[in-house]
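Undergrad: Okay, here's the structure, questions in a sec.
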Amino acid sequence: MTAVSTRTPAVAAAGTGTSVPGELRVVAMVWERELIRYTRTRTRIVSGFAQPVLFLLVLGYGMSGLVGTTGGFTFRQFVYPGVVAMSVVMTAMFSAMSIVWDREFGFLREMLVAPVSRASLVLGKTAGGATVAAAQGTIMLVLAPLVGIRLTPLLVVEVIGIELLMAVAMTTFGVFVASRIQRMESFQVVMQMLLMPMLFLSGALFPLNGLPAWLAVVTRLNPLTYAVAPLRQVVFSAQDMSAAARARFPTNVTILGHTLPIWWELAVVAVFALVFFVLAHRGLSRTE
Amino acid sequence: MDADRVRAGTAVRGQGPVVSADADFAQRPVRDGAGPAVDVHGLAKRYGEVVAVAGVDFSVAQGEVFALLGPNGAGKSTTIKMLCTLARPTSGRATVAGYDVLSAAREVRRRIGLVFQEQTLDDQLTAEENLRFHAVLYGVPHDRVEPRIARVLDLVALSDRRRHLVSTYSGGMARRLEIARGMLHTPRILFLDEPTLGLDPQTRALMWDDVLRLREEEGVTIFLTTHYMDEAEYADRIAIIDHGSIIALGTPSALKASVGADTVTLGTDDDEAALASLKRVGYTAVHTEGGITVFVDDEESAVGPIVSAAEVPVRTVRARRPTLDDVFLHFTGREIREQHGEAVPMFARAHGARRR
């Protein structure tokens with residue numbers, strides 16, 4: 001097979017390269033690196049926690065007086081799942097966007113020139129970002145008793161599951177955006193022009209019913225809307241809520257008067273994740 | 001030997017592209033059935049109207065240290081990128097480790113190690129973690145990873161820093177770690193693009209020790225680009241590239257010989273008398289600004305006899321052997337250091353004794 005003999009045979013030539021186990025090792029390694037980097041930067045964990053807490057305090061307590069309670073249910077309780085989602089989304093996005101740093105500091109090149117599939121790299125990055133983001137979102141659960149949200153073991157499992165799906169979607173989206181960004185300065189712009197509007201218009205921080213028509217349309221076009229709604233729905237279904245409260249704070253997305261079931265919403269998020277996985281893969285293949 | 005060298009030089013002079021037979025290199029052992037590590041024919045790269053590489057031909061033998069020497073923008077990096085499959089040639093053909101860079105890019109990548117100009121380590125990971133990551137990327141078998149990491153770290157003397165974060169490394173240490181990483185998957189050919197850029201002389205010397213030890217112990221072929229003359233001295237052969245074309249190629253000694261002979265310049269109390277006496281005993285000598293210049297095969301051994309042959313009191317003696325700077329000047333008509341504002345450190349001189 002080899003036309004050229006080597007002085008030191010076997011080791012290099014025996015590389016697994018294109019094999020499936022080899023590619024899986026790559027996925028696992030990229031995933032592991034994400035985790036190592038996450039646990040090594042305490043500031044990131046703290047800020048990933050502090051920012052949503054700030055929103056919870058400002059909105060949950062600041063607005064509660066204004067909104068009042070409906071059947072014993074406060075705005076604080078309403079906004080809590082949204083803040084959890086926010087923490088997941090921001091962590092996932094940040095993790096994915098670290099590709100911009102990798103590009104700046106050269107490590108992206110080390111990955112891209114390796115004889116491995118780009119899909120394995122995106123997959124590893126996605127898995128890593130999703131794990132980190134879901135972990136960050138799960139840390140937020142310690143705040144639940146403080147805002148009057150009751151947790152059950154089933155609820156925790158459901159929340160983590162939805163967090164993972166949401167995080168996968170946001171990571172693939174983030175990797176795609178990062179693959180199009182050449183400079184670090186653009187990172188802030190993306191965060192402010194893309195992530196913040198997406199978060200604010202997702203229903204994370206206010207109910208989606210009774211909005212002006214144009215705003216209603218915008219929120220329905222926002223893929224994040226379909227990730228926030230299921231999270232809120234599973235959280236609310238574990239609470240004792242009066243009918244009045246449920247009417248005041250609906251959880252499902254309604255389109256043209258139709259209420260989407262939770263599986264549909266999750267399917268929208270899954271499709272979004274898949275589309276951006278393909279685009280992210282293409283984006284990274286363009287580089288070099 | 002010296003006569004051969006000078007003759008080769010004379011034959012080569014003024015012919016443009018030069019490929020000398022390289023007596024010293026031919027003596028290296030060639031393994032049975034071993035093809036060239038790198039084989040390039042008419043390789044060219046254009047970016048729109050701009051010609052980066054204008055069709056180059058050369059071949060690098062296995063185990064050779066081959067340097068591509070040229071000023072910034074000469075086409076060095078583009079050439080190395082094409083060989084590493086990171087840039088598509090516009091025309092021409094290149095095989096690396098026996099595989100075509102276009103049709104078998106992945107096979108090529110698996111068999112080469114790369115050290116880029118810019119750092120490509122993750123400085124939030126430890127040295128070991130960086131190496132482990134690389135081992136997985138290049139499919140080093142599981143049971144080989146640990147011994148291989150220990151080995152390459154040992155080769156670059158970084159074993160004791162193995163669990164330190166790369167962010168705590170100095171520039172030189174990081175560069176050496178990158179070289180270790182490039183060798184981790186036991187590549188056939190290690191490509192180094194300006195490996196010593198920005199390193200201080202001591203670190204550069206250490207790096208060169210590493211590289212030459214790697215060649216010695218692992219039999220790897222080294223292909224590097226540089227714009228430091230003194231560094232090219234370490235190479236078995238040098239290709240001088242300028243404006244995208246190779247304008248000279250040969251061993252350092254053959255290239256120097258092609259520029260001209262060694263000279264000994266004397267300042268005496270009576271230059272006319274000295275000139276006459278020297279010519280009488282058969283030396284080729286001329287009047288020059290500094291006194292009398294005598295052309296010789298080997299300046300070192302010629303100084304004594306010349307001084308006594310001059311037969312008049314000698315005040316000054318200056319012996320000179322052509323340098324690679326002369327070579328570059330000769331072939332390009334300008335000095336390489338004009339290309340960048342930086343003085344070239346006298347590195348080869350200080351460390352000349354280290355060479356084997």
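Please note that chains go A, B, ... in the order of the structure tokens, that every chain numbers its residues from 1, and that ligands are numbered from 1 in the order shown.
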Do me a favour and pick out the residues of chain B within 8 Å of chain A, using only C-alpha atoms, as an MDAnalysis selection string.
TA: chainID B and resid 33:35 86:87 97:98 106:107 109:111 118:122 124:125 133 136:141 144 185:188 218:219
Undergrad: Just N, CA and C atoms for this one: save the residues we selected as a compact mmCIF listing (two decimals), in the first residue's frame.
TA:
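Output below, filename part.txt:
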# COMPACT_ATOMS: atom_id res chain seq x y z
N GLY B 33 14.50 1.47 -1.87
CA GLY B 33 13.13 1.75 -2.31
C GLY B 33 12.55 3.02 -1.74
N ALA B 34 13.37 3.83 -1.08
CA ALA B 34 12.86 5.04 -0.48
C ALA B 34 12.75 6.14 -1.52
N GLY B 35 11.55 6.61 -1.76
CA GLY B 35 11.35 7.72 -2.68
C GLY B 35 11.68 9.01 -1.96
N LEU B 86 -2.69 23.01 2.62
CA LEU B 86 -3.50 24.11 3.15
C LEU B 86 -3.81 25.14 2.09
N ALA B 87 -3.16 25.04 0.94
CA ALA B 87 -3.47 25.92 -0.18
C ALA B 87 -3.45 25.07 -1.44
N ALA B 97 5.58 12.55 1.11
CA ALA B 97 5.58 11.19 1.65
C ALA B 97 4.97 10.21 0.65
N GLY B 98 5.11 10.52 -0.63
CA GLY B 98 4.63 9.63 -1.67
C GLY B 98 3.18 9.85 -2.07
N ARG B 106 -5.59 14.00 2.69
CA ARG B 106 -5.67 13.49 4.05
C ARG B 106 -4.52 12.53 4.36
N GLU B 107 -4.13 11.75 3.37
CA GLU B 107 -2.99 10.84 3.56
C GLU B 107 -1.73 11.66 3.84
N ARG B 109 -1.66 14.73 5.15
CA ARG B 109 -1.74 15.37 6.46
C ARG B 109 -1.42 14.42 7.60
N ARG B 110 -1.78 13.15 7.40
CA ARG B 110 -1.53 12.18 8.46
C ARG B 110 -0.04 11.90 8.63
N ARG B 111 0.71 12.17 7.58
CA ARG B 111 2.13 11.83 7.59
C ARG B 111 3.05 13.01 7.81
N GLU B 118 2.63 31.27 13.54
CA GLU B 118 1.95 31.75 14.73
C GLU B 118 1.65 30.57 15.65
N GLN B 119 1.54 30.86 16.93
CA GLN B 119 1.31 29.80 17.90
C GLN B 119 -0.08 29.20 17.72
N THR B 120 -0.17 27.87 17.84
CA THR B 120 -1.47 27.22 17.71
C THR B 120 -1.72 26.28 18.89
N LEU B 121 -1.26 26.70 20.07
CA LEU B 121 -1.53 25.90 21.26
C LEU B 121 -2.75 26.47 21.97
N ASP B 122 -3.41 25.65 22.78
CA ASP B 122 -4.46 26.16 23.65
C ASP B 122 -3.79 26.48 24.97
N GLN B 124 -4.93 27.59 27.63
CA GLN B 124 -5.67 27.29 28.86
C GLN B 124 -5.58 25.81 29.22
N LEU B 125 -4.90 25.06 28.39
CA LEU B 125 -4.67 23.64 28.69
C LEU B 125 -3.21 23.47 29.09
N PHE B 133 -4.68 15.97 23.06
CA PHE B 133 -5.64 16.41 22.04
C PHE B 133 -5.09 16.11 20.64
N VAL B 136 -5.09 12.41 19.66
CA VAL B 136 -6.40 11.93 19.23
C VAL B 136 -6.71 12.41 17.82
N LEU B 137 -6.42 13.69 17.56
CA LEU B 137 -6.68 14.24 16.22
C LEU B 137 -5.94 13.45 15.14
N TYR B 138 -4.74 12.99 15.47
CA TYR B 138 -3.94 12.30 14.47
C TYR B 138 -4.00 10.78 14.61
N GLY B 139 -4.96 10.32 15.41
CA GLY B 139 -5.21 8.89 15.48
C GLY B 139 -4.05 8.06 16.00
N VAL B 140 -3.29 8.62 16.94
CA VAL B 140 -2.24 7.80 17.56
C VAL B 140 -2.93 6.71 18.39
N PRO B 141 -2.58 5.44 18.17
CA PRO B 141 -3.27 4.37 18.90
C PRO B 141 -3.19 4.58 20.42
N ARG B 144 -0.24 3.90 22.55
CA ARG B 144 0.99 4.58 22.16
C ARG B 144 1.02 6.02 22.66
N HIS B 185 2.90 12.40 16.45
CA HIS B 185 2.32 11.29 15.69
C HIS B 185 3.36 10.68 14.74
N THR B 186 4.63 10.87 15.06
CA THR B 186 5.73 10.30 14.29
C THR B 186 5.60 10.57 12.79
N PRO B 187 5.56 11.85 12.42
CA PRO B 187 5.41 12.16 11.00
C PRO B 187 6.67 11.81 10.22
N ARG B 188 6.51 11.63 8.91
CA ARG B 188 7.69 11.40 8.07
C ARG B 188 8.43 12.71 7.83
N GLU B 218 14.80 10.28 15.23
CA GLU B 218 13.54 9.78 14.67
C GLU B 218 13.61 9.68 13.16
N GLY B 219 14.69 10.12 12.58
CA GLY B 219 14.86 10.00 11.15
C GLY B 219 13.87 10.81 10.34
Undergrad: Please identify which residues in region 11-192 of chain B DSSP calls strand (DSSP E or B) from the backbone, and express them as an NGL selection string.
TA: :B and (38-47 or 50-60 or 65-69 or 91-96 or 99-100 or 112-115 or 126 or 165 or 189-192)
Undergrad: Residues near Leu143 (chain A), anyone? I mean within 10 Å using only C-alpha atoms, not counting same-chain ones fewer than 6 positions away, as a count of residues only.
TA: 5
Undergrad: Can you list every residue in region 56-92 of chain A that DSSP puts in alpha helix (DSSP H), as JSON, numbers by chain?
TA: {"A": [62, 64, 65, 66, 67, 75, 76, 77, 78, 79, 80, 81, 82, 83, 84, 85, 86, 87, 88, 89, 90, 91, 92]}
Undergrad: Env of Gly171 (chain B): 10 Å cut, atoms = only C-alpha atoms, seq-sep filter 4 positions within chain, self excluded. Answer as a list in words.
TA: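 Those residues are Gln119, Val166, Ser167, Arg175, Arg176, Leu177, Gly198, Leu199, Asp200 and Thr203 of chain B.
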Undergrad: Can I get the selection written as a PDB file, in the first residue's frame, with C-alpha atoms?
TA:
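To be explicit, this is the file written out as selection_17.pdb:
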ATOM      1  CA  GLN B 119       1.313  29.801  17.897  1.00  0.00           C
ATOM      2  CA  VAL B 166       0.744  26.650  28.459  1.00  0.00           C
ATOM      3  CA  SER B 167      -0.164  30.212  29.450  1.00  0.00           C
ATOM      4  CA  ARG B 175       7.564  26.997  20.351  1.00  0.00           C
ATOM      5  CA  ARG B 176       9.456  23.922  21.495  1.00  0.00           C
ATOM      6  CA  LEU B 177       6.262  22.377  22.766  1.00  0.00           C
ATOM      7  CA  GLY B 198      10.616  36.263  17.390  1.00  0.00           C
ATOM      8  CA  LEU B 199      12.840  34.019  19.491  1.00  0.00           C
ATOM      9  CA  ASP B 200      16.005  35.236  21.175  1.00  0.00           C
ATOM     10  CA  THR B 203      16.191  29.982  22.453  1.00  0.00           C
TER      11      THR B 203
END
Undergrad: Any idea what the distance is between CA of Leu256 (chain A) and CA of Ile162 (chain A)?
TA: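 CA of Ile162 (chain A) lies 25.1 Å from CA of Leu256 (chain A).
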Undergrad: I want to know what sits within 9 Å of region 57-68 of chain A, based on only C-alpha atoms, with residues of the same chain fewer than 2 positions away left out; could you give that as a short mmCIF file (atom, residue, chain, number, x, y, z; two decimals) with N, CA and C atoms, in the first residue's frame?
TA:
data_model
loop_
_atom_site.label_atom_id
_atom_site.label_comp_id
_atom_site.auth_asym_id
_atom_site.auth_seq_id
_atom_site.Cartn_x
_atom_site.Cartn_y
_atom_site.Cartn_z
N PRO A 52 -28.00 36.03 35.00
CA PRO A 52 -29.42 35.66 35.12
C PRO A 52 -30.01 36.00 36.48
N VAL A 53 -29.19 35.88 37.52
CA VAL A 53 -29.69 36.22 38.85
C VAL A 53 -30.07 37.69 38.90
N LEU A 54 -29.26 38.50 38.25
CA LEU A 54 -29.55 39.92 38.19
C LEU A 54 -30.90 40.17 37.52
N PHE A 55 -31.12 39.47 36.42
CA PHE A 55 -32.40 39.62 35.71
C PHE A 55 -33.55 39.15 36.60
N THR A 70 -51.46 36.98 40.59
CA THR A 70 -52.71 36.47 40.03
C THR A 70 -52.98 35.12 40.65
N PHE A 73 -50.02 33.61 42.26
CA PHE A 73 -48.85 33.37 41.42
C PHE A 73 -48.19 34.70 41.07
N THR A 74 -46.89 34.78 41.35
CA THR A 74 -46.21 36.06 41.15
C THR A 74 -45.51 36.11 39.81
N PHE A 75 -45.14 37.32 39.40
CA PHE A 75 -44.36 37.50 38.18
C PHE A 75 -42.98 36.86 38.32
N ARG A 76 -42.49 36.86 39.56
CA ARG A 76 -41.22 36.22 39.88
C ARG A 76 -41.23 34.76 39.44
N GLN A 77 -42.31 34.09 39.81
CA GLN A 77 -42.44 32.68 39.45
C GLN A 77 -42.57 32.52 37.95
N PHE A 78 -43.27 33.48 37.33
CA PHE A 78 -43.42 33.42 35.88
C PHE A 78 -42.07 33.54 35.19
N VAL A 79 -41.29 34.51 35.62
CA VAL A 79 -40.06 34.83 34.89
C VAL A 79 -38.94 33.82 35.16
N TYR A 80 -39.07 33.07 36.25
CA TYR A 80 -37.99 32.16 36.64
C TYR A 80 -37.58 31.18 35.53
N VAL A 147 -37.64 31.59 44.91
CA VAL A 147 -38.68 32.35 44.21
C VAL A 147 -40.03 31.64 44.30
N LEU A 205 -38.93 36.70 29.21
CA LEU A 205 -39.08 37.72 30.25
C LEU A 205 -40.45 38.36 30.32
#
Undergrad: Just want the 9 Å neighbourhood of Ala232 (chain B), counted on only C-alpha atoms, with same-chain residues fewer than 4 positions away dropped. Output as a PyMOL selection string.
TA: chain B and resi 66-69+224-228+236-238+252+324
Undergrad: Hey, what's within 9 Å of region 49-62 of chain B if we count only C-alpha atoms and toss same-chain stuff fewer than 5 positions away? As a ChimeraX atom specification, please?
TA: /A:6 /B:19,30-31,34-44,73-76,78-79,91-92,97,188-189,219-223,237,239,243-246,249
Undergrad: Only N, CA and C atoms, please: the residues just picked out, written as an mmCIF file, in the first residue's frame.
TA:
data_model
loop_
_atom_site.group_PDB
_atom_site.id
_atom_site.type_symbol
_atom_site.label_atom_id
_atom_site.label_comp_id
_atom_site.auth_asym_id
_atom_site.auth_seq_id
_atom_site.Cartn_x
_atom_site.Cartn_y
_atom_site.Cartn_z
ATOM 1 N N THR A 6 9.544 3.776 5.779
ATOM 2 C CA THR A 6 9.948 4.740 6.798
ATOM 3 C C THR A 6 11.015 4.155 7.678
ATOM 4 N N VAL B 19 21.028 23.610 -9.834
ATOM 5 C CA VAL B 19 20.899 22.390 -9.045
ATOM 6 C C VAL B 19 22.245 21.696 -9.104
ATOM 7 N N VAL B 30 20.950 6.048 1.623
ATOM 8 C CA VAL B 30 19.600 6.065 1.058
ATOM 9 C C VAL B 30 19.023 4.661 1.247
ATOM 10 N N ARG B 31 17.865 4.611 1.876
ATOM 11 C CA ARG B 31 17.252 3.311 2.133
ATOM 12 C C ARG B 31 16.701 2.711 0.847
ATOM 13 N N ALA B 34 13.374 3.826 -1.077
ATOM 14 C CA ALA B 34 12.858 5.039 -0.476
ATOM 15 C C ALA B 34 12.753 6.136 -1.520
ATOM 16 N N GLY B 35 11.548 6.606 -1.758
ATOM 17 C CA GLY B 35 11.355 7.717 -2.676
ATOM 18 C C GLY B 35 11.677 9.006 -1.957
ATOM 19 N N PRO B 36 11.608 10.121 -2.678
ATOM 20 C CA PRO B 36 11.864 11.392 -2.011
ATOM 21 C C PRO B 36 10.753 11.712 -1.012
ATOM 22 N N ALA B 37 11.114 12.438 0.035
ATOM 23 C CA ALA B 37 10.106 12.835 1.022
ATOM 24 C C ALA B 37 9.171 13.865 0.407
ATOM 25 N N VAL B 38 9.739 14.754 -0.366
ATOM 26 C CA VAL B 38 8.950 15.788 -1.032
ATOM 27 C C VAL B 38 9.419 15.856 -2.475
ATOM 28 N N ASP B 39 8.475 15.886 -3.402
ATOM 29 C CA ASP B 39 8.831 15.942 -4.814
ATOM 30 C C ASP B 39 7.909 16.956 -5.489
ATOM 31 N N VAL B 40 8.495 17.974 -6.077
ATOM 32 C CA VAL B 40 7.710 19.092 -6.584
ATOM 33 C C VAL B 40 8.057 19.379 -8.034
ATOM 34 N N HIS B 41 7.026 19.484 -8.872
ATOM 35 C CA HIS B 41 7.248 19.793 -10.288
ATOM 36 C C HIS B 41 6.368 20.939 -10.736
ATOM 37 N N GLY B 42 6.979 22.010 -11.143
ATOM 38 C CA GLY B 42 6.257 23.151 -11.714
ATOM 39 C C GLY B 42 5.148 23.691 -10.824
ATOM 40 N N LEU B 43 5.359 23.622 -9.525
ATOM 41 C CA LEU B 43 4.312 24.030 -8.577
ATOM 42 C C LEU B 43 4.147 25.551 -8.615
ATOM 43 N N ALA B 44 2.909 25.997 -8.846
ATOM 44 C CA ALA B 44 2.661 27.435 -8.939
ATOM 45 C C ALA B 44 1.383 27.799 -8.210
ATOM 46 N N GLY B 73 7.543 37.576 1.725
ATOM 47 C CA GLY B 73 6.793 37.775 0.490
ATOM 48 C C GLY B 73 7.411 37.103 -0.717
ATOM 49 N N ALA B 74 8.441 36.288 -0.509
ATOM 50 C CA ALA B 74 9.104 35.642 -1.637
ATOM 51 C C ALA B 74 8.323 34.431 -2.153
ATOM 52 N N GLY B 75 7.404 33.937 -1.337
ATOM 53 C CA GLY B 75 6.645 32.751 -1.734
ATOM 54 C C GLY B 75 6.934 31.544 -0.852
ATOM 55 N N LYS B 76 7.680 31.749 0.222
ATOM 56 C CA LYS B 76 8.030 30.639 1.114
ATOM 57 C C LYS B 76 6.795 30.026 1.759
ATOM 58 N N THR B 78 3.658 30.357 1.033
ATOM 59 C CA THR B 78 2.702 29.790 0.076
ATOM 60 C C THR B 78 3.161 28.405 -0.362
ATOM 61 N N THR B 79 4.457 28.256 -0.584
ATOM 62 C CA THR B 79 4.985 26.953 -0.992
ATOM 63 C C THR B 79 4.740 25.920 0.112
ATOM 64 N N SER B 91 -1.203 25.399 -10.486
ATOM 65 C CA SER B 91 -0.763 24.393 -11.442
ATOM 66 C C SER B 91 0.461 23.691 -10.879
ATOM 67 N N GLY B 92 0.835 22.608 -11.555
ATOM 68 C CA GLY B 92 1.987 21.856 -11.086
ATOM 69 C C GLY B 92 1.571 20.699 -10.206
ATOM 70 N N ALA B 97 5.582 12.553 1.111
ATOM 71 C CA ALA B 97 5.581 11.189 1.649
ATOM 72 C C ALA B 97 4.975 10.207 0.646
ATOM 73 N N ARG B 188 6.513 11.630 8.910
ATOM 74 C CA ARG B 188 7.689 11.402 8.066
ATOM 75 C C ARG B 188 8.428 12.711 7.835
ATOM 76 N N ILE B 189 7.626 13.770 7.717
ATOM 77 C CA ILE B 189 8.206 15.066 7.406
ATOM 78 C C ILE B 189 7.661 16.095 8.388
ATOM 79 N N GLY B 219 14.692 10.118 12.584
ATOM 80 C CA GLY B 219 14.858 9.996 11.148
ATOM 81 C C GLY B 219 13.874 10.812 10.342
ATOM 82 N N VAL B 220 13.344 11.859 10.952
ATOM 83 C CA VAL B 220 12.328 12.656 10.264
ATOM 84 C C VAL B 220 13.004 13.610 9.276
ATOM 85 N N THR B 221 12.306 13.858 8.188
ATOM 86 C CA THR B 221 12.765 14.852 7.220
ATOM 87 C C THR B 221 12.301 16.218 7.713
ATOM 88 N N ILE B 222 13.185 17.198 7.642
ATOM 89 C CA ILE B 222 12.818 18.533 8.122
ATOM 90 C C ILE B 222 12.758 19.489 6.934
ATOM 91 N N PHE B 223 11.622 20.149 6.796
ATOM 92 C CA PHE B 223 11.455 21.137 5.738
ATOM 93 C C PHE B 223 11.118 22.450 6.411
ATOM 94 N N ARG B 237 20.581 21.171 2.585
ATOM 95 C CA ARG B 237 20.493 21.924 1.336
ATOM 96 C C ARG B 237 19.583 23.126 1.518
ATOM 97 N N ALA B 239 17.301 26.078 -0.644
ATOM 98 C CA ALA B 239 16.771 26.620 -1.893
ATOM 99 C C ALA B 239 16.516 28.098 -1.636
ATOM 100 N N HIS B 243 10.803 36.310 -5.382
ATOM 101 C CA HIS B 243 9.720 36.606 -6.331
ATOM 102 C C HIS B 243 9.070 35.323 -6.857
ATOM 103 N N GLY B 244 8.892 34.350 -5.989
ATOM 104 C CA GLY B 244 8.163 33.136 -6.354
ATOM 105 C C GLY B 244 8.947 32.118 -7.152
ATOM 106 N N SER B 245 10.236 32.367 -7.398
ATOM 107 C CA SER B 245 11.043 31.398 -8.144
ATOM 108 C C SER B 245 12.266 30.985 -7.344
ATOM 109 N N ILE B 246 12.674 29.735 -7.541
ATOM 110 C CA ILE B 246 13.895 29.281 -6.891
ATOM 111 C C ILE B 246 15.069 29.722 -7.759
ATOM 112 N N LEU B 249 19.972 26.546 -5.636
ATOM 113 C CA LEU B 249 19.680 25.410 -4.780
ATOM 114 C C LEU B 249 20.947 24.584 -4.637
#
